[in-house]
Amino acid sequence: MSENEKANEIISEIEQMIAQGKGVTVTFTKKADGDVETTFSDILTIDDLDSLNIDEMSLDELETALTQLQDLYDDLESEEPEDEDSDEHEEWEDHLSDLEDAINEIQDRIDDLT
């Protein structure tokens, strides 16, 4: 497959994921033989927490999920609503708590596997 065909295939895959409403992380890894391996992973959101199958994830998937959830936690933490008595603030606290629980579960699973 030519370099141009590979690039078009990657672009097509990204377009499909975006059309499905998914964020995507693309990782390019140069292999020993000079080829480049391309991997795609969804970007996790707060809505994905209930559907994570942590026990079925590989170590690489767990580490990617951990990084994404930590980033999401940091982003959300910086967006604290001003009114501490509001429903919005309560929801914000719930989301932070859910993220913290998921991060801890993933870290525990990584520890079990290493």
# chains A, B, ... in the order shown; residues from 1 in each chain; ligands from 1
$ select_by_dssp --residues "segment 1-92 of chain A" --states "strand (DSSP E)" --output "ChimeraX atom specification"
/A:24-30,36-42
$ residues_around --residues "segment 23-38 of chain A" --least-positions-apart "5" --cutoff "8 Å" --atoms "only C-alpha atoms" --output "ChimeraX atom specification"
/A:10,14,17-18,43-44
$ closest_atom_pairs --of "segment 13-50 of chain A" --to "segment 82-102 of chain A" --cutoff "12 Å" --atoms "only C-alpha atoms" --output "tab-separated table"
residue	atom	partner	partner_atom	distance
A:Leu44	CA	A:Leu99	CA	10.9
A:Thr45	CA	A:Leu99	CA	9.6
A:Ile46	CA	A:His95	CA	7.1
A:Asp47	CA	A:His95	CA	9.6
A:Asp48	CA	A:Leu99	CA	10.3
A:Leu49	CA	A:Ala102	CA	7.0
A:Asp50	CA	A:Ala102	CA	9.2
$ select_by_dssp --residues "chain A" --states "alpha helix (DSSP H)" --output "ChimeraX atom specification"
/A:3-19,59-77,87-113
$ closest_residue --among "A:Ala19, A:Leu66, A:Ala7, A:Leu59" --to "Asp112 of chain A" --atoms "only C-alpha atoms"
A:Leu59
$ residues_around --residues "Asp55 of chain A" --least-positions-apart "3" --cutoff "12 Å" --atoms "only C-alpha atoms" --output "PyMOL selection string"
chain A and resi 51-52+58-59+61-62+105-110+112-113
